[in-house]
Amino acid sequence: MSNLVVILRSMAYMRRYWRSSLLAFGSLLAATFLSLTVPPILRDVVDRGLPHTLPQVAFTPRFLSDGLRLLPAHPELIVSSALLLLGLGVLRAVVAFGQRFFGERLSHYVGYDLRDAFYDKVQRLPFSYHDQTQMGGIITRAISDVDAIRTFLAQGLVDSLSIVLMLVGAILAMLTLNVPLTLVAIIPIPLIMLVALRMGFIQTKNWKLVMEDMGAVSNLLEENVIGMQVLRAFNREEIEAAHWARLNQSLHTHQIRFTETWSTFFPLMTFLVACCTALMLWVGGPRVIDHTISIGTIVALNGYILLLALPVQRLGFVVQQFSSASSSAKRVFEVLDEPLALAEKPDALTLPRVAGHIRFEAVSLIYRKGGPEALHEVSFAVEPAQVIGIVGPTGGGKSSIINLLARFYDVTSGRVLIDGHDVRDVTLHSLRSQIGMVLQETLLFTASVRDNIRFGHPDATDEEIIAAAKAADAHRFISEMPEGYETEIGERGVTLSGGQRQRVAIARALLIDPRILILDDSTSSVDTRTEASIQQALDRLMQGRVTFIIAQRLSSVLHADQIFVVEGGRIVQRGRHEDLYQVAGPYREIYRIQLEDQEHARAEIDGMAARTAK
């Protein structure tokens with residue numbers, strides 16, 4: 001999309017707030033009109049209100065010198081003009097307030113709608129998009145880029161219209177006073193506009209460099225703050241400080257260059273405005289002396305030139321704002337126009353309460369076009385209330401199975417059925433509201449423990465929250481915290497240990513009473529004792545619902561109804577623990593590495609203890 005197209009598309013958001021738009025641009029018209037009425041008043045004050053001389057004419061009552069006479073002053077005109085200018089000043093202040101107030105309010109409305117649409121789209125974008133997009137880039141678009149669009153609509157767009165209206169209005173008014181002098185006075189105006197445009201283009205490039213440096217500085221600061229422990233552990237303080245100094249110096253250099261450009265071009269434009277006045281006086285002065293035109297006309301023409309000066313000088317600023325806003329708008333609309341790979345069908349069904357019949361029929365999955373297969377023709381069936389264990393090496397495809405079940409991604413081929421319904425044929429809300437998940441990467445929010453547990457069930461009672469916490473073996477440590485369930489746990493749950501975070505996440509999943517429970521390596525960050533405690537609670541809660549357990553530790557899936565061993569995107573073994581252990585293969589190898597040696601060691605320790613007791 002071109003720069004103009006994206007700006008016009010941004011302006012389309014103003015249609016909803018047409019009243020504020022009318023008030024803002026009506027105030028702009030009024031302000032321009034009131035400004036244009038001031039020079040004629042000054043002309044009348046000079047020509048009619050002040051005493052001055054005119055050439056001798058017949059029947060003149062009084063002469064000051066040969067060929068000249070003094071016209072009397074009109075104090076009442078001076079007083080009335082002063083009062084009129086004062087009233088116009090008040091009106092201009094009122095409409096200036098309206099112009100700025102309604103313009104800013106309108107821009108904030110548009111900014112609100114853009115951020116709202118952006119957030120809604122980000123929420124609905126497929127995981128494949130988020131896999132390839134940096135989080136910082138999304139945040140920058142939602143905040144900085146939307147604000148750049150809003151600022152242009154509030155200031156740049158208003159200034160653009162003000163420049164056009166003032167330029168046309170002032171030149172037309174000047175032409176009604178004196179055509180030759182007007183044509184002479186506006187000779188530098190095109191040059192002023194060229195200088196302003198040149199400054200705008202240069203500042204656009206300078207500002208881009210400033211923003212890039214600010215992004216680099218922000219990223220480095222974020223990484224160093226988050227990774228402070230690693231930074232100190234590897235004695236990187238001085239190295240990172242030098243890195244920071246280089247980035248900060250670059251930012252400083254570009255900011256100075258940005259300031260220098262303004263400092264250079266603005267005096268030049270001020271000089272060119274002065275040239276307008278000088279040209280007018282050079283040509284108009286002799287005509288005043290020979291009484292071809294009046295002094296008041298010169299004063300009025302100069303007033304219009306001064307009215308033109310500020311808007312024309314702001315042209316460079318408008319160009320820079322336009323370029324920045326159009327660049328930001330492109331980035332925002334790139335996200336808003338991103339196709340929804342997981343869009344619901346227009347006739348999508350509401351999935352009824354799930355019994356638990358799940359089938360994968362020759363399912364294959366490729367995350368990126370042209371990339372390797374994450375799953376290859378995976379097929380299996382699960383009956384209600386069964387517990388399914390999924391084990392295998394990292395990257396083998398374990399989590400991919402779960403991603404398809406919750407429809408975080410769509411299959412490349414094959415079908416995923418729940419109670420006979422293809423997951424692509426039902427609404428996402430009705431599907432995911434019946435699936436409880438504890439993911440491998442535990443994420444808690446900056447809120448109280450209570451709010452984190454009831455995240456998926458905001459109306460849960462305190463009794464239900466406590467019951468879920470007890471089931472996840474979290475109630476004890478929560479009760480020992482300073483404010484119990486009201487304790488704020490900090491950003492990403494940093495005030496909790498890894499095991500505590502996972503138990504809170506398990507409680508959060510259990511509270512919604514899901515028909516399908518998914519535990520994605522959910523006990524990987526807890527010790528063996530805590531794992532055993534959680535497992536006892538989960539054994540009770542798994543009854544009556546389908547449960548998928550993705551685990552690195554076989555101890556979590558030994559009693560599962562089915563165990564899938566996933567390697568290279570395929571299910572290479574399946575069955576119960578007793579059956580799989582009897583067959584040479586990857587499962588028995590995993591068991592030997594993880595548990596068999598531990599059992600032998602435990603047996604030896606028990607034997608030594610028995611012999612010592614005798």
# chains A, B, ... in the order shown; residues from 1 in each chain; ligands from 1
call {"tool": "closest_atom_pairs", "arguments": {"of": "region 139-207 of chain A", "to": "region 83-100 of chain A", "cutoff": "9 Å", "atoms": "only C-alpha atoms", "output": "CSV"}}
result
residue,atom,partner,partner_atom,distance
A:Ala154,CA,A:Arg100,CA,7.7
A:Gln155,CA,A:Arg100,CA,8.3
A:Val158,CA,A:Gln99,CA,8.4
call {"tool": "residues_around", "arguments": {"residues": "region 224-229 of chain A", "least_positions_apart": "6", "cutoff": "10 Å", "atoms": "only C-alpha atoms", "output": "JSON list (two decimals) with N, CA and C atoms, in the first residue's frame"}}
result
[["chain", "number", "residue", "atom", "x", "y", "z"],
["A", 218, "SER", "N", 16.53, -0.06, 23.95],
["A", 218, "SER", "CA", 15.48, -0.68, 24.77],
["A", 218, "SER", "C", 15.65, -2.18, 24.84],
["A", 235, "ASN", "N", 30.62, -12.51, 34.44],
["A", 235, "ASN", "CA", 31.47, -11.30, 34.50],
["A", 235, "ASN", "C", 31.37, -10.46, 33.23],
["A", 236, "ARG", "N", 30.13, -10.24, 32.79],
["A", 236, "ARG", "CA", 29.92, -9.51, 31.53],
["A", 236, "ARG", "C", 29.59, -8.03, 31.77],
["A", 237, "GLU", "N", 29.72, -7.56, 33.01],
["A", 237, "GLU", "CA", 29.30, -6.19, 33.30],
["A", 237, "GLU", "C", 30.03, -5.17, 32.43],
["A", 240, "GLU", "N", 29.15, -5.57, 28.60],
["A", 240, "GLU", "CA", 27.82, -5.07, 28.29],
["A", 240, "GLU", "C", 27.74, -3.55, 28.47],
["A", 241, "ALA", "N", 28.50, -3.02, 29.42],
["A", 241, "ALA", "CA", 28.53, -1.56, 29.59],
["A", 241, "ALA", "C", 29.13, -0.89, 28.36],
["A", 244, "TRP", "N", 26.52, -1.04, 25.67],
["A", 244, "TRP", "CA", 25.53, 0.00, 25.96],
["A", 244, "TRP", "C", 26.06, 1.38, 25.55]]
call {"tool": "residues_around", "arguments": {"residues": "Gly396 (chain A)", "least_positions_apart": "2", "cutoff": "8 Å", "atoms": "only C-alpha atoms", "output": "number ranges by chain"}}
result
A: 374, 392-394, 398, 566-570
call {"tool": "write_last_selection", "arguments": {"atoms": "N, CA and C atoms", "output": "PDB file, in the first residue's frame"}}
result
ATOM      1  N   ALA A 374       6.214 -32.174  11.301  1.00  0.00           N
ATOM      2  CA  ALA A 374       6.248 -32.365  12.745  1.00  0.00           C
ATOM      3  C   ALA A 374       5.521 -33.656  13.126  1.00  0.00           C
ATOM      4  N   GLY A 392       8.838 -39.560  24.693  1.00  0.00           N
ATOM      5  CA  GLY A 392       9.730 -39.591  23.549  1.00  0.00           C
ATOM      6  C   GLY A 392      10.749 -38.483  23.629  1.00  0.00           C
ATOM      7  N   PRO A 393      11.696 -38.471  22.716  1.00  0.00           N
ATOM      8  CA  PRO A 393      12.751 -37.469  22.752  1.00  0.00           C
ATOM      9  C   PRO A 393      12.221 -36.071  22.439  1.00  0.00           C
ATOM     10  N   THR A 394      12.994 -35.064  22.852  1.00  0.00           N
ATOM     11  CA  THR A 394      12.636 -33.679  22.575  1.00  0.00           C
ATOM     12  C   THR A 394      12.578 -33.449  21.068  1.00  0.00           C
ATOM     13  N   LYS A 398       5.646 -34.705  20.391  1.00  0.00           N
ATOM     14  CA  LYS A 398       4.694 -34.922  21.492  1.00  0.00           C
ATOM     15  C   LYS A 398       3.728 -33.743  21.633  1.00  0.00           C
ATOM     16  N   VAL A 566       6.615 -41.371  20.907  1.00  0.00           N
ATOM     17  CA  VAL A 566       6.624 -40.566  19.677  1.00  0.00           C
ATOM     18  C   VAL A 566       8.061 -40.211  19.321  1.00  0.00           C
ATOM     19  N   GLU A 567       8.444 -40.556  18.100  1.00  0.00           N
ATOM     20  CA  GLU A 567       9.772 -40.215  17.579  1.00  0.00           C
ATOM     21  C   GLU A 567       9.642 -39.807  16.120  1.00  0.00           C
ATOM     22  N   GLY A 568      10.318 -38.714  15.739  1.00  0.00           N
ATOM     23  CA  GLY A 568      10.311 -38.306  14.334  1.00  0.00           C
ATOM     24  C   GLY A 568       8.944 -38.051  13.766  1.00  0.00           C
ATOM     25  N   GLY A 569       8.012 -37.606  14.613  1.00  0.00           N
ATOM     26  CA  GLY A 569       6.668 -37.302  14.135  1.00  0.00           C
ATOM     27  C   GLY A 569       5.777 -38.511  13.961  1.00  0.00           C
ATOM     28  N   ARG A 570       6.211 -39.669  14.452  1.00  0.00           N
ATOM     29  CA  ARG A 570       5.421 -40.896  14.341  1.00  0.00           C
ATOM     30  C   ARG A 570       5.253 -41.546  15.707  1.00  0.00           C
TER      31      ARG A 570
END
call {"tool": "atom_distance", "arguments": {"atom1": "CA of Gln203 (chain A)", "atom2": "CA of Leu247 (chain A)"}}
result
20.3 Å
call {"tool": "residues_around", "arguments": {"residues": "Cys276 (chain A)", "least_positions_apart": "4", "cutoff": "10 Å", "atoms": "only C-alpha atoms", "output": "list in words"}}
result
Thr182, Val184, Ala185, Ile186, Ile187, Pro188, Ile189, Phe271, Leu272, Met280, Leu281, Trp282, Asn302, Ile305, Leu306 and Ala309 of chain A
call {"tool": "select_by_dssp", "arguments": {"residues": "region 362-595 of chain A", "states": "strand (DSSP E)", "output": "ChimeraX atom specification"}}
result
/A:362-366,373-382,387-391,413-418,421-422,435-438,516-520,546-550,562-567,570-575
call {"tool": "closest_atom_pairs", "arguments": {"of": "region 412-455 of chain A", "to": "region 341-359 of chain A", "cutoff": "6 Å", "atoms": "only C-alpha atoms", "output": "Markdown table"}}
result
| residue | atom | partner | partner_atom | distance |
| --- | --- | --- | --- | --- |
| A:Val416 | CA | A:Arg359 | CA | 5.9 |
| A:Leu417 | CA | A:Arg359 | CA | 5.1 |
| A:Ile418 | CA | A:Ile358 | CA | 4.6 |
| A:Asp419 | CA | A:His357 | CA | 4.8 |
| A:Asp425 | CA | A:Ala348 | CA | 5.2 |
| A:Val426 | CA | A:Leu349 | CA | 4.4 |
| A:Thr427 | CA | A:Ala348 | CA | 5.5 |
| A:Ser430 | CA | A:Leu351 | CA | 5.3 |
call {"tool": "write_last_selection", "arguments": {"atoms": "N, CA and C atoms", "output": "compact mmCIF listing (two decimals), in the first residue's frame"}}
result
# COMPACT_ATOMS: atom_id res chain seq x y z
N VAL A 416 -8.86 -34.56 12.98
CA VAL A 416 -8.89 -34.73 14.43
C VAL A 416 -10.35 -34.65 14.84
N LEU A 417 -10.85 -35.72 15.43
CA LEU A 417 -12.27 -35.81 15.78
C LEU A 417 -12.43 -35.90 17.30
N ILE A 418 -13.39 -35.17 17.82
CA ILE A 418 -13.80 -35.28 19.22
C ILE A 418 -15.29 -35.59 19.24
N ASP A 419 -15.65 -36.75 19.77
CA ASP A 419 -17.04 -37.21 19.76
C ASP A 419 -17.63 -37.16 18.36
N ASP A 425 -14.77 -27.93 12.48
CA ASP A 425 -16.18 -27.64 12.22
C ASP A 425 -16.90 -27.04 13.42
N VAL A 426 -16.22 -26.90 14.55
CA VAL A 426 -16.86 -26.37 15.76
C VAL A 426 -16.23 -25.03 16.13
N THR A 427 -16.91 -24.27 16.96
CA THR A 427 -16.38 -22.98 17.37
C THR A 427 -15.19 -23.18 18.30
N SER A 430 -16.17 -23.10 22.13
CA SER A 430 -16.81 -24.30 22.67
C SER A 430 -15.83 -25.46 22.75
call {"tool": "atom_distance", "arguments": {"atom1": "CA of His457 (chain A)", "atom2": "CA of Gly420 (chain A)"}}
result
27.2 Å
call {"tool": "decode", "arguments": {"residues": "region 207-269 of chain A", "atoms": "C-alpha atoms", "output": "compact mmCIF listing (two decimals), in the first residue's frame"}}
result
# COMPACT_ATOMS: atom_id res chain seq x y z
CA TRP A 207 13.96 10.25 12.91
CA LYS A 208 14.04 6.71 11.54
CA LEU A 209 17.64 6.38 12.71
CA VAL A 210 16.70 7.78 16.13
CA MET A 211 13.84 5.26 16.48
CA GLU A 212 16.08 2.36 15.41
CA ASP A 213 18.66 3.35 18.00
CA MET A 214 15.98 3.71 20.66
CA GLY A 215 14.73 0.22 19.83
CA ALA A 216 18.25 -1.20 20.10
CA VAL A 217 18.83 0.56 23.43
CA SER A 218 15.48 -0.68 24.77
CA ASN A 219 16.15 -4.26 23.68
CA LEU A 220 19.61 -4.27 25.28
CA LEU A 221 18.26 -2.79 28.51
CA GLU A 222 15.45 -5.37 28.63
CA GLU A 223 17.82 -8.27 28.00
CA ASN A 224 20.32 -7.09 30.59
CA VAL A 225 17.69 -6.51 33.26
CA ILE A 226 16.04 -9.89 32.66
CA GLY A 227 19.38 -11.68 32.38
CA MET A 228 21.13 -9.81 35.20
CA GLN A 229 21.97 -13.02 37.03
CA VAL A 230 23.58 -14.58 33.95
CA LEU A 231 25.35 -11.32 33.16
CA ARG A 232 27.01 -11.20 36.58
CA ALA A 233 27.71 -14.92 36.67
CA PHE A 234 29.84 -14.62 33.52
CA ASN A 235 31.47 -11.30 34.50
CA ARG A 236 29.92 -9.51 31.53
CA GLU A 237 29.30 -6.19 33.30
CA GLU A 238 32.13 -4.28 31.62
CA ILE A 239 31.54 -5.82 28.19
CA GLU A 240 27.82 -5.07 28.29
CA ALA A 241 28.53 -1.56 29.59
CA ALA A 242 30.75 -0.98 26.56
CA HIS A 243 28.03 -2.33 24.30
CA TRP A 244 25.53 0.00 25.96
CA ALA A 245 27.91 2.95 25.53
CA ARG A 246 28.18 2.29 21.78
CA LEU A 247 24.43 2.13 21.32
CA ASN A 248 23.85 5.15 23.53
CA GLN A 249 26.49 7.12 21.62
CA SER A 250 24.81 6.28 18.33
CA LEU A 251 21.46 7.41 19.73
CA HIS A 252 23.04 10.62 21.01
CA THR A 253 24.68 11.32 17.63
CA HIS A 254 21.46 10.88 15.67
CA GLN A 255 19.46 12.97 18.15
CA ILE A 256 22.01 15.79 17.82
CA ARG A 257 21.85 15.52 14.04
CA PHE A 258 18.05 15.71 14.24
CA THR A 259 18.29 18.85 16.38
CA GLU A 260 20.92 20.42 14.12
CA THR A 261 18.68 20.00 11.09
CA TRP A 262 15.84 21.88 12.78
CA SER A 263 18.27 24.52 13.99
CA THR A 264 19.63 25.03 10.46
CA PHE A 265 16.44 25.06 8.43
CA PHE A 266 14.20 27.12 10.69
CA PRO A 267 16.45 30.24 10.65
CA LEU A 268 16.70 29.87 6.87
CA MET A 269 12.92 29.86 6.55
